[in-house]
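Reproduced below: coords.pdb, with PDB, C-alpha atoms and all ligand atoms.
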```
MODEL        1
ATOM      1  CA  MET F  23       0.000   0.000   0.000
ATOM      2  CA  PRO F  24       1.456   3.438  -0.825
ATOM      3  CA  SER F  25       2.454   5.529   2.190
ATOM      4  CA  PRO F  26      -0.056   8.330   2.804
ATOM      5  CA  VAL F  27       2.335  10.343   4.917
ATOM      6  CA  LYS F  28       5.740   9.993   6.520
ATOM      7  CA  ASN F  29       4.352   9.314  10.000
ATOM      8  CA  VAL F  30       1.077  10.037  11.749
ATOM      9  CA  VAL F  31       1.557  11.698  15.134
ATOM     10  CA  LEU F  32      -1.339  11.647  17.599
ATOM     11  CA  ILE F  33      -1.407  14.427  20.164
ATOM     12  CA  GLY F  34      -4.010  15.449  22.722
ATOM     13  CA  PHE F  35      -4.905  15.557  26.383
ATOM     14  CA  MET F  36      -4.778  12.517  28.670
ATOM     15  CA  GLY F  37      -7.749  10.271  28.051
ATOM     16  CA  THR F  38      -8.477  11.257  24.460
ATOM     17  CA  GLY F  39      -7.743   7.727  23.223
ATOM     18  CA  LYS F  40      -4.417   8.332  21.445
ATOM     19  CA  SER F  41      -3.002   4.868  22.102
ATOM     20  CA  THR F  42      -6.169   2.916  21.367
ATOM     21  CA  VAL F  43      -6.865   4.861  18.196
ATOM     22  CA  GLY F  44      -3.194   4.731  17.220
ATOM     23  CA  LYS F  45      -3.099   0.945  17.383
ATOM     24  CA  LEU F  46      -6.165   0.706  15.154
ATOM     25  CA  LEU F  47      -4.684   3.154  12.661
ATOM     26  CA  ALA F  48      -1.403   1.243  12.615
ATOM     27  CA  LYS F  49      -3.262  -1.955  11.796
ATOM     28  CA  SER F  50      -5.249  -0.249   9.094
ATOM     29  CA  PHE F  51      -2.191   1.295   7.390
ATOM     30  CA  GLY F  52       0.233  -1.544   8.062
ATOM     31  CA  TYR F  53       2.410   0.946   9.938
ATOM     32  CA  HIS F  54       4.362   0.314  13.138
ATOM     33  CA  PHE F  55       2.804   1.688  16.310
ATOM     34  CA  VAL F  56       4.951   3.531  18.834
ATOM     35  CA  ASP F  57       3.946   5.255  22.021
ATOM     36  CA  THR F  58       6.314   7.843  23.499
ATOM     37  CA  ASP F  59       5.199   6.924  27.046
ATOM     38  CA  ASP F  60       6.199   3.285  26.419
ATOM     39  CA  LEU F  61       9.567   4.401  25.050
ATOM     40  CA  ILE F  62      10.108   6.609  28.107
ATOM     41  CA  VAL F  63       9.300   3.737  30.480
ATOM     42  CA  ARG F  64      11.659   1.433  28.593
ATOM     43  CA  ARG F  65      14.433   4.003  28.553
ATOM     44  CA  ALA F  66      14.089   4.883  32.242
ATOM     45  CA  GLY F  67      13.526   1.274  33.305
ATOM     46  CA  LYS F  68      10.684   2.332  35.602
ATOM     47  CA  PRO F  69       7.016   3.266  35.407
ATOM     48  CA  ILE F  70       5.894   6.864  34.819
ATOM     49  CA  PRO F  71       4.676   7.553  38.394
ATOM     50  CA  GLN F  72       8.103   6.500  39.694
ATOM     51  CA  ILE F  73       9.902   8.773  37.207
ATOM     52  CA  PHE F  74       7.800  11.716  38.429
ATOM     53  CA  GLU F  75       8.357  10.761  42.052
ATOM     54  CA  GLU F  76      12.134  10.495  41.733
ATOM     55  CA  SER F  77      12.948  13.103  39.062
ATOM     56  CA  GLY F  78       9.901  15.366  38.978
ATOM     57  CA  GLU F  79       8.067  16.532  35.879
ATOM     58  CA  GLY F  80      11.298  18.128  34.617
ATOM     59  CA  GLY F  81      13.074  14.782  34.661
ATOM     60  CA  PHE F  82      10.193  13.149  32.820
ATOM     61  CA  ARG F  83      10.162  15.900  30.155
ATOM     62  CA  GLU F  84      13.896  15.460  29.554
ATOM     63  CA  ILE F  85      13.428  11.804  28.729
ATOM     64  CA  GLU F  86      10.367  12.644  26.635
ATOM     65  CA  ARG F  87      12.395  15.099  24.587
ATOM     66  CA  ALA F  88      15.213  12.583  24.071
ATOM     67  CA  VAL F  89      12.734   9.934  22.942
ATOM     68  CA  LEU F  90      11.160  12.367  20.490
ATOM     69  CA  ASP F  91      14.592  13.179  19.032
ATOM     70  CA  GLU F  92      15.269   9.518  18.436
ATOM     71  CA  LEU F  93      12.045   9.122  16.479
ATOM     72  CA  ALA F  94      13.187  11.598  13.842
ATOM     73  CA  SER F  95      15.055   9.108  11.682
ATOM     74  CA  GLU F  96      12.279   6.787  10.498
ATOM     75  CA  GLY F  97       8.907   6.836   8.755
ATOM     76  CA  SER F  98       5.781   4.708   8.315
ATOM     77  CA  ARG F  99       4.789   4.803  11.959
ATOM     78  CA  ILE F 100       1.792   5.825  13.971
ATOM     79  CA  ILE F 101       3.200   7.712  16.947
ATOM     80  CA  SER F 102       1.068   8.191  20.030
ATOM     81  CA  THR F 103       2.399  10.868  22.395
ATOM     82  CA  GLY F 104       1.959  11.796  26.048
ATOM     83  CA  GLY F 105      -0.528  14.593  26.699
ATOM     84  CA  GLY F 106       2.125  17.059  27.849
ATOM     85  CA  ILE F 107       4.583  16.643  25.003
ATOM     86  CA  VAL F 108       3.561  20.017  23.545
ATOM     87  CA  THR F 109       4.500  21.894  26.711
ATOM     88  CA  ALA F 110       8.129  22.110  25.583
ATOM     89  CA  GLU F 111       7.934  24.767  22.887
ATOM     90  CA  ASP F 112      10.567  23.236  20.607
ATOM     91  CA  ASN F 113       8.803  19.862  20.683
ATOM     92  CA  ILE F 114       6.023  21.401  18.608
ATOM     93  CA  GLU F 115       8.305  21.899  15.622
ATOM     94  CA  ARG F 116       9.809  18.442  16.149
ATOM     95  CA  LEU F 117       6.362  16.852  16.126
ATOM     96  CA  ARG F 118       5.419  18.623  12.894
ATOM     97  CA  GLU F 119       8.655  17.516  11.260
ATOM     98  CA  LEU F 120       7.865  13.898  12.103
ATOM     99  CA  GLY F 121       4.768  13.797   9.932
ATOM    100  CA  THR F 122       1.088  14.671   9.942
ATOM    101  CA  VAL F 123       0.050  15.739  13.437
ATOM    102  CA  VAL F 124      -3.495  14.803  14.451
ATOM    103  CA  TRP F 125      -4.983  16.418  17.572
ATOM    104  CA  LEU F 126      -7.609  14.330  19.336
ATOM    105  CA  THR F 127      -9.962  16.597  21.284
ATOM    106  CA  ALA F 128     -12.555  15.793  23.945
ATOM    107  CA  GLU F 129     -14.843  17.783  26.212
ATOM    108  CA  GLU F 130     -13.536  18.427  29.724
ATOM    109  CA  GLU F 131     -16.351  16.314  31.170
ATOM    110  CA  SER F 132     -15.412  13.294  29.007
ATOM    111  CA  ILE F 133     -11.780  13.632  30.035
ATOM    112  CA  TRP F 134     -12.787  13.800  33.678
ATOM    113  CA  GLN F 135     -14.902  10.653  33.280
ATOM    114  CA  ARG F 136     -12.113   8.809  31.485
ATOM    115  CA  VAL F 137      -9.042   9.690  33.567
ATOM    116  CA  GLY F 138     -10.125  11.802  36.552
ATOM    117  CA  ARG F 139      -9.579   8.991  39.019
ATOM    118  CA  SER F 140      -6.607   7.394  37.264
ATOM    119  CA  ARG F 141      -3.747   6.459  39.586
ATOM    120  CA  GLY F 142      -1.268   6.117  36.750
ATOM    121  CA  ARG F 143      -1.227   9.820  35.865
ATOM    122  CA  PRO F 144       0.973  11.713  38.314
ATOM    123  CA  LEU F 145      -0.220  15.147  37.224
ATOM    124  CA  LEU F 146      -3.763  14.280  38.306
ATOM    125  CA  GLN F 147      -2.832  13.205  41.838
ATOM    126  CA  THR F 148      -3.927  16.554  43.265
ATOM    127  CA  ASP F 149      -6.511  17.639  45.839
ATOM    128  CA  ASP F 150      -8.819  18.714  43.039
ATOM    129  CA  PRO F 151      -8.118  16.694  39.882
ATOM    130  CA  ARG F 152     -11.158  18.140  38.163
ATOM    131  CA  GLU F 153      -9.741  21.660  38.500
ATOM    132  CA  THR F 154      -6.308  20.390  37.443
ATOM    133  CA  ILE F 155      -7.789  18.980  34.249
ATOM    134  CA  HIS F 156      -9.525  22.307  33.601
ATOM    135  CA  ARG F 157      -6.342  24.315  34.147
ATOM    136  CA  LEU F 158      -4.080  22.040  32.107
ATOM    137  CA  LEU F 159      -6.586  21.949  29.260
ATOM    138  CA  GLU F 160      -6.732  25.746  29.161
ATOM    139  CA  GLU F 161      -2.940  25.984  29.207
ATOM    140  CA  ARG F 162      -2.434  23.354  26.558
ATOM    141  CA  LYS F 163      -5.203  24.002  24.036
ATOM    142  CA  PRO F 164      -3.244  26.727  22.190
ATOM    143  CA  LEU F 165      -0.189  24.466  22.109
ATOM    144  CA  TYR F 166      -2.083  21.515  20.626
ATOM    145  CA  GLU F 167      -3.622  23.908  18.145
ATOM    146  CA  LYS F 168      -0.213  25.163  17.117
ATOM    147  CA  ALA F 169       1.143  21.655  16.652
ATOM    148  CA  ALA F 170      -1.822  20.137  14.804
ATOM    149  CA  HIS F 171      -2.302  19.712  11.070
ATOM    150  CA  ILE F 172      -5.661  18.007  11.614
ATOM    151  CA  THR F 173      -8.124  18.240  14.551
ATOM    152  CA  VAL F 174     -10.514  15.391  15.309
ATOM    153  CA  GLY F 175     -13.256  15.383  17.976
ATOM    154  CA  THR F 176     -13.651  12.142  19.929
ATOM    155  CA  ASP F 177     -16.743  12.701  22.109
ATOM    156  CA  ASN F 178     -19.356   9.962  21.791
ATOM    157  CA  LEU F 179     -17.344   8.129  19.152
ATOM    158  CA  SER F 180     -15.824   4.661  19.327
ATOM    159  CA  ALA F 181     -12.080   4.241  18.794
ATOM    160  CA  ALA F 182     -12.860   2.479  15.497
ATOM    161  CA  ASP F 183     -14.938   5.434  14.294
ATOM    162  CA  ILE F 184     -12.248   7.907  15.289
ATOM    163  CA  ALA F 185      -9.568   5.868  13.505
ATOM    164  CA  PHE F 186     -11.737   5.636  10.413
ATOM    165  CA  GLY F 187     -12.347   9.394  10.478
ATOM    166  CA  ILE F 188      -8.628  10.097  10.722
ATOM    167  CA  ALA F 189      -7.879   7.695   7.892
ATOM    168  CA  GLU F 190     -10.466   9.503   5.763
ATOM    169  CA  CYS F 191      -8.828  12.863   6.534
ATOM    170  CA  LEU F 192      -5.418  11.515   5.620
ATOM    171  CA  ARG F 193      -6.793  10.022   2.445
ATOM    172  CA  ALA F 194      -8.325  13.351   1.526
ATOM    173  CA  GLU F 195      -4.994  15.040   2.206
ATOM    174  CA  ALA F 196      -2.802  12.567   0.388
ATOM    175  CA  GLY F 197      -5.261  11.216  -2.126
ATOM    176  CA  ASN F 198      -3.854   7.706  -1.922
ATOM    177  CA  VAL F 199      -4.725   5.864   1.279
ATOM    178  CA  SER F 200      -7.036   2.864   1.329
ATOM    179  CA  PRO F 201      -7.684   2.045   4.966
ATOM    180  CA  GLU F 202      -9.610  -1.110   5.874
ATOM    181  CA  ARG F 203     -12.373  -0.595   8.355
TER     182      ARG F 203
HETATM  183  C1  LIG Z   1       1.085  13.445  30.748
HETATM  184  C2  LIG Z   1       0.343  12.506  30.079
HETATM  185  C3  LIG Z   1       0.639  11.059  30.151
HETATM  186  C4  LIG Z   1       2.108  10.839  30.475
HETATM  187  C5  LIG Z   1       2.488  11.596  31.711
HETATM  188  C6  LIG Z   1       2.283  13.101  31.558
HETATM  189  C7  LIG Z   1       0.692  14.881  30.640
HETATM  190  O1  LIG Z   1       0.330  10.423  28.907
HETATM  191  O2  LIG Z   1       2.922  11.233  29.414
HETATM  192  O3  LIG Z   1       1.735  11.103  32.792
HETATM  193  O4  LIG Z   1       1.522  15.736  30.967
HETATM  194  O5  LIG Z   1      -0.436  15.153  30.198
HETATM  195  P1  LIG Z   1      -1.191  10.196  28.353
HETATM  196  O6  LIG Z   1      -1.582  11.446  27.640
HETATM  197  O7  LIG Z   1      -1.040   9.042  27.428
HETATM  198  O8  LIG Z   1      -2.043   9.900  29.536
ENDMDL
END
```

Step by step, read the file and then write its structure as structure tokens.
Ligand code: S3P
Amino acid sequence: MPSPVKNVVLIGFMGTGKSTVGKLLAKSFGYHFVDTDDLIVRRAGKPIPQIFEESGEGGFREIERAVLDELASEGSRIISTGGGIVTAEDNIERLRELGTVVWLTAEEESIWQRVGRSRGRPLLQTDDPRETIHRLLEERKPLYEKAAHITVGTDNLSAADIAFGIAECLRAEAGNVSPER
């Protein structure tokens, strides 16, 4: 199958389904799937909450940046990213150089329902996770917007529908993708 784009990079807030959708897209395109969080865990040799606990958010972001740099050499991948990857300004350009950047959006309420009580997300272990989600979303929206080539809403849609919608967008852009549903 001809390559529609160099890579497809999924960005968006925690709980917008980047990994689930990314795996479906990878299957549909016959591309490799990579997840920057998985690469960070492998590189650090410890889970994300432990990285935050021992090295803080700054330590986590350093590894995230290094992992992103390493991804620059290859193509034909679906790359799912951590929700805060856009918070380092120069990552935005890096993401756009990797390929077509797709921003998965969701309403604050959906995000709260999906990840509000998650133990695996250190940034949400606050006294008021709902307010934290609100604040981080407000801070990050302009950054996602800046990074994105394509924006896709996810509310009330299944992962399969979202993946199909993205594939359609990419097909429209490239004119040569034939995803299987
Ligand atoms: C983070 C999101 C997480 C993970 C880390 C920090 C963030 O990834 O990278 O906990 O800053 O939003 P997901 O978006 O896959 O949950």

Quick one: apply the PyMOL selection byres (((chain F and resi 121) around 8) and not hetatm) to the file and drop the selected residues here as a PDB file with C-alpha atoms, keeping the file's coordinate frame.
```pdb
ATOM      1  CA  VAL F  27       2.335  10.343   4.917  1.00  0.00           C
ATOM      2  CA  LYS F  28       5.740   9.993   6.520  1.00  0.00           C
ATOM      3  CA  ASN F  29       4.352   9.314  10.000  1.00  0.00           C
ATOM      4  CA  VAL F  30       1.077  10.037  11.749  1.00  0.00           C
ATOM      5  CA  VAL F  31       1.557  11.698  15.134  1.00  0.00           C
ATOM      6  CA  LEU F 117       6.362  16.852  16.126  1.00  0.00           C
ATOM      7  CA  ARG F 118       5.419  18.623  12.894  1.00  0.00           C
ATOM      8  CA  GLU F 119       8.655  17.516  11.260  1.00  0.00           C
ATOM      9  CA  LEU F 120       7.865  13.898  12.103  1.00  0.00           C
ATOM     10  CA  THR F 122       1.088  14.671   9.942  1.00  0.00           C
ATOM     11  CA  VAL F 123       0.050  15.739  13.437  1.00  0.00           C
TER      12      VAL F 123
END
```

| query | Would you name the residues within 9 Å of ligand LIG 1 (chain Z), counting all atoms listed in the file, and put them as a ChimeraX atom specification? | reply | /F:33-41,57-59,62,70-71,74,79,82-83,86,102-109,137,142-146,158

| query | Which of these residues is nearest to Thr42 (chain F), using only C-alpha atoms: F:Ala196, F:Val63, F:Ala181, F:Ile133? | reply | F:Ala181

| said: I'd like the interatomic distance between CA of Val174 (chain F) and CA of Ala128 (chain F), to a tenth of an Å. | reply: 8.9 Å

| request: Could you list the residues chosen by the PyMOL selection byres (((chain F and resi 179) around 12) and not hetatm) in this structure as number ranges by chain? | output: F: 38-39, 43, 126-128, 132, 174-178, 180-187

| request: One decimal, Å: what's the distance from CA of Glu92 (chain F) over to CA of Ala169 (chain F), could you say? | output: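 Pair CA of Glu92 (chain F) / CA of Ala169 (chain F) returns 18.7 Å.
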
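The spacing separating CA of Glu167 (chain F) from CA of Glu130 (chain F) amounts to 16.2 Å.
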
| task | Determine the nearest neighbour of Gly97 (chain F) from the options F:His54, F:Arg116, F:Arg65, F:Arg139, counting only C-alpha atoms. | result |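 Looking at the shortest contact to Gly97 (chain F), the residue is F:His54.
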
Box for region 85-101 of chain F: with edges along x, y and z, all listed atoms inside and 3 Å added on each side, what are the centre and edge lengths in Å to one decimal, as AutoDock Vina command-line options?
```
--center_x 8.5 --center_y 9.9 --center_z 18.5 --size_x 19.5 --size_y 16.4 --size_z 26.4
```

| query | Out of F:Ala189, F:Ile172, F:Ala88, F:Leu165, which residue has the shortest atom-to-atom distance to Glu111 (chain F) when counting all atoms listed in the file? | reply | F:Leu165

| said: Env of Ala170 (chain F): 7 Å cut, atoms = all atoms listed in the file, seq-sep filter 4 positions within chain, self excluded. Answer as an NGL selection string. | reply: :F and (123-125 or 166)

| Hey, which of F:Ala66, F:Leu46, F:Val56, F:Val89 ends up closest to Ile101 (chain F)? Count all atoms listed in the file. |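 Nearest to Ile101 (chain F): F:Val56.
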